[in-house]
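Below you'll find the structure, written out as structure tokens, and then a few comments.
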Amino acid sequence: MALARKGRSQRTIDYWPGFVDALSTLLLSIMFLLTVFVLGQFLLSREISGKDEVLTRLNSQINELTQLLALEKSGKQDLEDSLANLQASLSQSESERSRLQALLDQGAGSSEAANQKIGRLGSELENEREISARAMSQIELLNQQIAALRNQIAAIEDALQASEAKDQASQTKIADLGRRLNVALAQRVQELNRYRSDFFGRLREILSDRENIRIVGDRFVFQSEVLFPSGGSELNPEGQAEMAKLASALLDLAKEIPAEINWVLRVDGHTDNVQLSGAGRYADNWELSSARATSVVKFLISKGVPADRLVAAGFGEYQPIAPGESPEARAQNRRIELKLTEK
């Protein structure tokens, strides 16, 4: 029976070095992970901001740390189980040693064999005590590492809460700035609309009362026949006279508009849908509408209107205001539109 117990004890001891090697490998892996984690924490601390991407990365790292903590706890539990097994084996060896010593003291006939066995058991007992001491030291190291991990997780959670609070404050500030900006823009639009109404009122007074010069919505519309010869982009004498009146009204208005309102007069050229032959000066209606708008802008500049307050645009035949193919509809679509707006 004693030999059988000895056999079981020896088999337990034979497996233990392999277990210690595996445990050492696990500890090295954990230390490597901790090193990578500490480096990641240093880099992470420089990247924390109020953005959602940072919050997501912090949450992900907390999950990883939580998993690592669970792994540490599992390793600690394995060590504690192994230590309990070692202690049980140690207790069994001590009992066997005591029994053999009792037999020796009673003068049983095999004292030499008993002494040899007691010596072997004493050596094995010392080895098991050393292994138990190493295991206890490793468990203590794991406890310290787990405590450090918990502190790091707590620090990350604090940083995450601070980042979320900062992000919330930033969102509130952005919303407030947005409301202020909307109010300011609304005020500017209202003020510009008032000046636009004054401008159109003056144009009504100084320009000829003709059907081919009219207001459509927020635009002052000249029919092309008033300003240009058919198919041409040079202002005719009548058109120059009308544009000179426009320039005078615009210069008077510019003195009244506050400097903080960044206004421009947009000159839009439009044609009808009759295609050009391409043999003349302009290849198509795009070029003709753009040239007419540019001609008006250049004339206004020559009358003193600042160039940075003027914009020329050509729309060809693609923005009609009168549907149909009749001569009347096409005449309405051939036009120059003036709009007072912001840049």
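Labels used: A, B, ... for chains in the order of the structure tokens, numbers from 1 for residues in each chain, and numbers from 1 for ligands as shown.
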
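Excluding region 144-156 of chain A and any residue on its chain fewer than 2 positions from it, the residues at most 8 Å away by only C-alpha atoms are A:Leu58, A:Ile62, A:Leu65, A:Thr66, A:Leu69, A:Glu72, A:Lys73, A:Glu140, A:Leu141, A:Leu142, A:Asp158, A:Ala159, A:Leu160.
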
May I have the residues within 9 Å of Val274 (chain A) as a short mmCIF file (atom, residue, chain, number, x, y, z; two decimals) with C-alpha atoms, in the first residue's frame, using only C-alpha atoms and disregarding those fewer than 3 positions away in the same chain?
data_model
loop_
_atom_site.label_atom_id
_atom_site.label_comp_id
_atom_site.auth_asym_id
_atom_site.auth_seq_id
_atom_site.Cartn_x
_atom_site.Cartn_y
_atom_site.Cartn_z
CA THR A 271 -31.62 82.66 -74.16
CA ASN A 285 -26.61 79.49 -76.46
CA GLU A 317 -31.84 78.08 -72.72
CA ARG A 330 -39.35 82.61 -76.53
#

The distance between CA of Leu34 (chain A) and CA of Glu53 (chain A) is 23.6 Å

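Note that CA of Leu55 (chain A) and CA of Gln161 (chain A) are 9.3 Å apart.
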